[in-house]
Structure formats: C-alpha cells, structure tokens
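S.K.: Take this structure first; my questions come after.
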Amino acid sequence: MMKIISLISGEFDSPVASYLMYMQGHELEFVHFDSRPFNNQMPIIKSKKSIAAIKKHCMLKDSQKFKLFVIPHDKLLAEFMNKCSLKNIYVLWRRTMMRCAQKQAKRRKAQALLTGDSLGQVASQTLDNMYSINKSISIPIIRPLIGMNKATIIEMSKKIGTHDIAILPSVCCSVSPKHPVTHSNLALIEAEESDINIDEFEDESISRMKTFLI
C-alpha cells in the first residue's frame with residue numbers, strides 16, 4: 001500500500017481517479033490549488049463535496065477523515081501572466097502544481113502523486129505537454145484514467161456520487177488562453193520559468209496552505 005497525494009479539482013476526472021486508487025487499498029491525502037481571484041470559490045466547494053461523496057460511497061465512518069490541503073496559487077498565476085507567454089500558461093501552471101504537490105508529498109511522506117489526466121482530453125494532457133509536466137518533478141505521477149474516454153469517466157462519476165457535484169456551475173479561470181500550446185517545447189518552458197523565482201513563489205504559496213478534515 002502506498003500513501004498518495006491526489007490533486008483534486010472537483011470536476012469529473014480527479015474524484016474518479018482518487019476513488020479507483022483508494023479502492024486498491026492506497027492511503028490518500030488531497031491537494032487543491034486555489035486560483036482565486038482568477039475564478040471563484042466553487043472549485044474548492046466542489047472539491048470538498050467530491051471528497052465527502054467518495055467517503056460516503058466507500059461507507060467510511062465519520063471518524064475516518066480525509067485530509068485536504070488547499071494551496072493558493074494567485075501570486076504564481078499573476079507572475080506567469082506578467083512574465084510568460086499566455087499560450088504556455090497551462091503547462092507552466094501544471095508544472096508548478098506538481099512541484100508544490102511534490103513538496104507536500106515529501107512533508108507527508110507520500111510516495112507518489114495522483115491526477116485525473118486522460119490522454120488528449122484537454123490542452124495540458126497531450127503527450128508532449130505531459131512530458132513537459134512530468135519533467136518538473138522526480139516522484140511518480142499515477143494516472144489511472146489515462147486511456148479512458150470521457151463517457152466512461154462520467155458513468156463512473158455517477159456510480160460513486162460525484163457526477164452531480166462536477167456539473168455544478170463554476171466560473172471558468174480567467175487566465176485561460178484561446179490557443180494554448182498543445183506541443184510544448186521543454187527547453188522553452190524551462191526558459192520561461194528561469195525569469196521567475198519559482199522556488200520562492202512556490203514556498204510562499206505553501207506557507208499560506210490551509211488544511212481541512214473531511
């Protein structure tokens with residue numbers, strides 16, 4: 001059994017991925033990245049509700065709590081918008097999520113990260129972009145949905161009780177580019193990061209982290 005840090009958004013994919021790994025007997029703790037003021041509070045609400053739904057579906061006792069760590073990403077996103085090409089922002093943002101999650105994994109003695117990525121569904125999940133994202137960290141990233149289509153994932157979300165949470169309305173992140181890069185160049189991504197004191201911003205974000213028991 002592994003201890004795993006699951007990156008959860010409250011949409012369809014990450015709760016299903018989390019459920020699958022929990023049912024394999026692994027210990028889960030969750031991280032959510034708060035991008036307010038670039039969106040609203042709904043992603044946090046949906047993440048909390050999704051974790052509660054997984055707990056209910058698995059028939060866990062009230063005394064059995066999942067930990068959720070909420071890490072603010074407002075300053076990092078603002079820095080990316082000011083200094084980087086907007087088309088690369090999904091990959092840059094995802095890389096810094098992975099680094100923050102890895103730092104939290106090391107603090108919590110977790111062996112891997114978990115995401116709801118499914119190959120090619122969105123811009124950050126093309127093969128080239130996943131490669132660039134993977135290269136930001138050294139611990140494994142588990143992607144149990146990698147070969148699933150969206151219809152299958154949605155059906156699974158209905159079975160575990162997270163579907164109606166995922167469809168709750170929320171504001172689309174205002175930093176979303178119209179034409180995000182789908183075939184990122186790792187050297188160019190790293191060059192953009194070199195203009196920012198990434199470690200300092202990531203550590204500052206983690207210092208404002210809030211912990212919830214669900």
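The chains in the structure tokens are called A, B, ... from first to last as shown; in each chain the residues are counted from 1, and the ligands are counted from 1 in the order shown.
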Run DSSP on the backbone and give me the residues of range 130-172 of chain A it puts in helix (DSSP H, G or I), as a VMD selection string.
M.R.: chain A and resid 130 to 134 150 to 160 163 to 166
S.K.: Keeping only C-alpha atoms, write those residues as a PDB file, in the first residue's frame.
M.R.:
ATOM      1  CA  MET A 130       2.515  15.602 -20.217  1.00  0.00           C
ATOM      2  CA  TYR A 131       6.206  15.051 -20.949  1.00  0.00           C
ATOM      3  CA  SER A 132       6.995  18.680 -20.082  1.00  0.00           C
ATOM      4  CA  ILE A 133       4.888  18.425 -16.922  1.00  0.00           C
ATOM      5  CA  ASN A 134       6.475  15.124 -15.838  1.00  0.00           C
ATOM      6  CA  LYS A 150     -14.888  10.949 -21.157  1.00  0.00           C
ATOM      7  CA  ALA A 151     -18.134   8.973 -21.394  1.00  0.00           C
ATOM      8  CA  THR A 152     -16.664   6.143 -19.303  1.00  0.00           C
ATOM      9  CA  ILE A 153     -15.356   8.572 -16.690  1.00  0.00           C
ATOM     10  CA  ILE A 154     -18.738  10.318 -16.456  1.00  0.00           C
ATOM     11  CA  GLU A 155     -20.515   6.981 -15.975  1.00  0.00           C
ATOM     12  CA  MET A 156     -18.114   6.109 -13.161  1.00  0.00           C
ATOM     13  CA  SER A 157     -18.731   9.502 -11.547  1.00  0.00           C
ATOM     14  CA  LYS A 158     -22.460   8.704 -11.469  1.00  0.00           C
ATOM     15  CA  LYS A 159     -21.794   5.417  -9.692  1.00  0.00           C
ATOM     16  CA  ILE A 160     -19.666   6.986  -6.955  1.00  0.00           C
ATOM     17  CA  HIS A 163     -21.381  13.466 -11.069  1.00  0.00           C
ATOM     18  CA  ASP A 164     -23.903  15.982  -9.738  1.00  0.00           C
ATOM     19  CA  ILE A 165     -21.092  17.821  -7.957  1.00  0.00           C
ATOM     20  CA  ALA A 166     -18.981  18.044 -11.104  1.00  0.00           C
TER      21      ALA A 166
END
S.K.: With 12 Å as the cut-off and only C-alpha atoms counted, what is the closest atom pair between each nearby residue of range 95-196 of chain A and range 14-32 of chain A? Distances in Å to one decimal, ordered by chain and number, as a Markdown table.
M.R.:
| residue | atom | partner | partner_atom | distance |
| --- | --- | --- | --- | --- |
| A:Met97 | CA | A:His32 | CA | 9.2 |
| A:Met98 | CA | A:Val31 | CA | 10.3 |
| A:Arg99 | CA | A:Val31 | CA | 12.0 |
| A:Cys100 | CA | A:Val31 | CA | 9.4 |
| A:Ala101 | CA | A:Val31 | CA | 7.0 |
| A:Gln102 | CA | A:Val31 | CA | 10.4 |
| A:Lys103 | CA | A:Val31 | CA | 11.3 |
| A:Gln104 | CA | A:Val31 | CA | 8.6 |
| A:Ala105 | CA | A:Glu29 | CA | 9.1 |
| A:Arg107 | CA | A:Glu29 | CA | 11.9 |
| A:Arg108 | CA | A:Glu29 | CA | 8.9 |
| A:Lys109 | CA | A:Glu29 | CA | 10.8 |
| A:Ala110 | CA | A:Glu29 | CA | 8.8 |
| A:Gln111 | CA | A:Glu27 | CA | 10.3 |
| A:Ala112 | CA | A:Leu28 | CA | 10.1 |
| A:Leu113 | CA | A:Phe30 | CA | 9.6 |
| A:Leu114 | CA | A:Ser18 | CA | 7.3 |
| A:Thr115 | CA | A:Ser14 | CA | 5.8 |
| A:Gly116 | CA | A:Ser14 | CA | 4.1 |
| A:Asp117 | CA | A:Ser14 | CA | 7.7 |
| A:Ser118 | CA | A:Ser14 | CA | 10.0 |
| A:Ile141 | CA | A:Ala17 | CA | 12.0 |
| A:Ile142 | CA | A:Ala17 | CA | 9.1 |
| A:Arg143 | CA | A:Ala17 | CA | 7.4 |
| A:Pro144 | CA | A:Ala17 | CA | 5.9 |
| A:Leu145 | CA | A:Ala17 | CA | 6.3 |
| A:Ile146 | CA | A:Ala17 | CA | 9.7 |
| A:Gly147 | CA | A:Ala17 | CA | 12.0 |
| A:Met148 | CA | A:Ala17 | CA | 10.7 |
| A:Lys150 | CA | A:Val16 | CA | 11.3 |
| A:Thr152 | CA | A:Val16 | CA | 10.3 |
| A:Ile153 | CA | A:Val16 | CA | 7.0 |
| A:Ile154 | CA | A:Val16 | CA | 8.7 |
| A:Glu155 | CA | A:Val16 | CA | 9.8 |
| A:Met156 | CA | A:Val16 | CA | 6.7 |
| A:Ser157 | CA | A:Val16 | CA | 6.0 |
| A:Lys158 | CA | A:Val16 | CA | 9.7 |
| A:Lys159 | CA | A:Val16 | CA | 9.6 |
| A:Ile160 | CA | A:Val16 | CA | 7.8 |
| A:Gly161 | CA | A:Pro15 | CA | 9.7 |
| A:Thr162 | CA | A:Pro15 | CA | 7.1 |
| A:His163 | CA | A:Pro15 | CA | 9.5 |
| A:Ile165 | CA | A:Pro15 | CA | 10.2 |
| A:Ala166 | CA | A:Pro15 | CA | 9.2 |
S.K.: Just to confirm, what's the straight-line distance from CA of Leu68 in chain A to CA of Val91 in chain A in Å (one decimal)?
M.R.: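 We find that CA of Leu68 in chain A and CA of Val91 in chain A lie 23.6 Å from each other.
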S.K.: Give me, please, the distance in Å between CA of Ser35 in chain A and CA of Ile137 in chain A, quoted to one decimal.
M.R.: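 CA of Ile137 in chain A lies 21.1 Å from CA of Ser35 in chain A.
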S.K.: Identify, with DSSP run on backbone atoms, the residues in range 15-112 of chain A assigned to strand (DSSP E), and express the list as a list in words.
M.R.: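 Filtering range 15-112 of chain A down to strand (DSSP E) leaves Glu27, Leu28, Glu29, Phe30, Val31, His32, Phe33, Asp34, Lys67, Leu68, Phe69, Val70, Ile71, Pro72 and Ala112 of chain A.
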S.K.: Write out, as a short mmCIF file (atom, residue, chain, number, x, y, z; two decimals), in the first residue's frame, the residues just selected, with C-alpha atoms.
M.R.:
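The resulting again26.cif:
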data_model
loop_
_atom_site.label_atom_id
_atom_site.label_comp_id
_atom_site.auth_asym_id
_atom_site.auth_seq_id
_atom_site.Cartn_x
_atom_site.Cartn_y
_atom_site.Cartn_z
CA GLU A 27 -3.93 5.86 1.53
CA LEU A 28 -4.99 9.19 0.04
CA GLU A 29 -4.49 12.79 1.01
CA PHE A 30 -5.73 15.57 -1.26
CA VAL A 31 -4.34 18.84 -2.59
CA HIS A 32 -6.44 21.51 -4.25
CA PHE A 33 -4.93 24.61 -5.87
CA ASP A 34 -6.94 27.75 -5.22
CA LYS A 67 -7.08 15.44 4.69
CA LEU A 68 -7.44 18.19 2.12
CA PHE A 69 -4.68 20.77 1.69
CA VAL A 70 -5.70 23.94 -0.16
CA ILE A 71 -2.77 25.84 -1.64
CA PRO A 72 -3.34 29.37 -3.03
CA ALA A 112 3.50 9.42 -5.47
#
S.K.: Calculated over only C-alpha atoms, which of the candidates A:Asn39, A:Ser6, A:Asn129, A:Asn197 has the smallest distance to Ile51 in chain A?
M.R.: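 Under the stated criterion, the closest residue is A:Ser6.
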S.K.: I'd like the contact shell of Lys178 in chain A - 12 Å cut-off, only C-alpha atoms, skipping same-chain residues fewer than 3 positions apart - returned as number ranges by chain.
M.R.: A: 86-90, 123, 173-175, 181-182
S.K.: Tell me which of A:Gln41, A:Thr126, A:Ser63, A:Thr96 sits closest to Glu202 in chain A, counting only C-alpha atoms.
M.R.: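 Using only C-alpha atoms, Glu202 in chain A sits closest to A:Thr96.
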S.K.: Which neighbours of Glu192 in chain A fall inside 12 Å, counting only C-alpha atoms, when residues of the same chain fewer than 2 positions from it are skipped, and could you give them as a list of chain:residue names?
M.R.: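 With the cut-off at 12 Å, the set is A:Glu79, A:Phe80, A:Met81, A:Asn82, A:Lys83, A:Cys84, A:Ser85, A:Leu86, A:Lys87, A:Asn88, A:Ile89, A:Val91, A:Leu92, A:Trp93, A:Ser184, A:Asn185, A:Leu186, A:Ala187, A:Leu188, A:Ile189, A:Glu190, A:Ser194, A:Asp195, A:Ile196, A:Asn197, A:Ile198.
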S.K.: Calculated over only C-alpha atoms, which of the candidates A:Ser170, A:Met2, A:Gly10, A:Cys58 has the smallest distance to Arg36 in chain A?
M.R.: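 Smallest separation from Arg36 in chain A among the options: A:Ser170.
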S.K.: Mind pulling up the distance from CA of Lys3 in chain A to CA of Glu200 in chain A?
M.R.: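 Between these atoms lies a distance of 26.8 Å.
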S.K.: If we count only C-alpha atoms, what is near Leu127 in chain A at a cut-off of 8 Å, once residues fewer than 5 positions away on the same chain are taken out, given as a PDB file with N, CA and C atoms, in the first residue's frame?
M.R.:
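As written to disk, result17.pdb reads:
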ATOM      1  N   LEU A 119      -5.453  11.016 -21.619  1.00  0.00           N
ATOM      2  CA  LEU A 119      -4.632  11.470 -22.737  1.00  0.00           C
ATOM      3  C   LEU A 119      -5.439  12.208 -23.802  1.00  0.00           C
ATOM      4  N   GLY A 120      -5.042  13.454 -24.044  1.00  0.00           N
ATOM      5  CA  GLY A 120      -5.577  14.217 -25.151  1.00  0.00           C
ATOM      6  C   GLY A 120      -6.901  14.894 -24.918  1.00  0.00           C
ATOM      7  N   HIS A 183       1.797  21.241 -28.110  1.00  0.00           N
ATOM      8  CA  HIS A 183       3.053  20.503 -28.296  1.00  0.00           C
ATOM      9  C   HIS A 183       4.181  21.356 -27.706  1.00  0.00           C
TER      10      HIS A 183
END
S.K.: Quick one: of A:Phe201, A:Ile167, A:Lys75, A:Asn40, who's nearest to Phe12 in chain A, counting only C-alpha atoms?
M.R.: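 Distance minimum relative to Phe12 in chain A lands on A:Ile167.
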S.K.: Ranking A:Gln125, A:Ser9, A:Ser47, A:Asn149 by minimum distance to Phe212 in chain A and counting only C-alpha atoms, which one comes first?
M.R.: A:Ser47
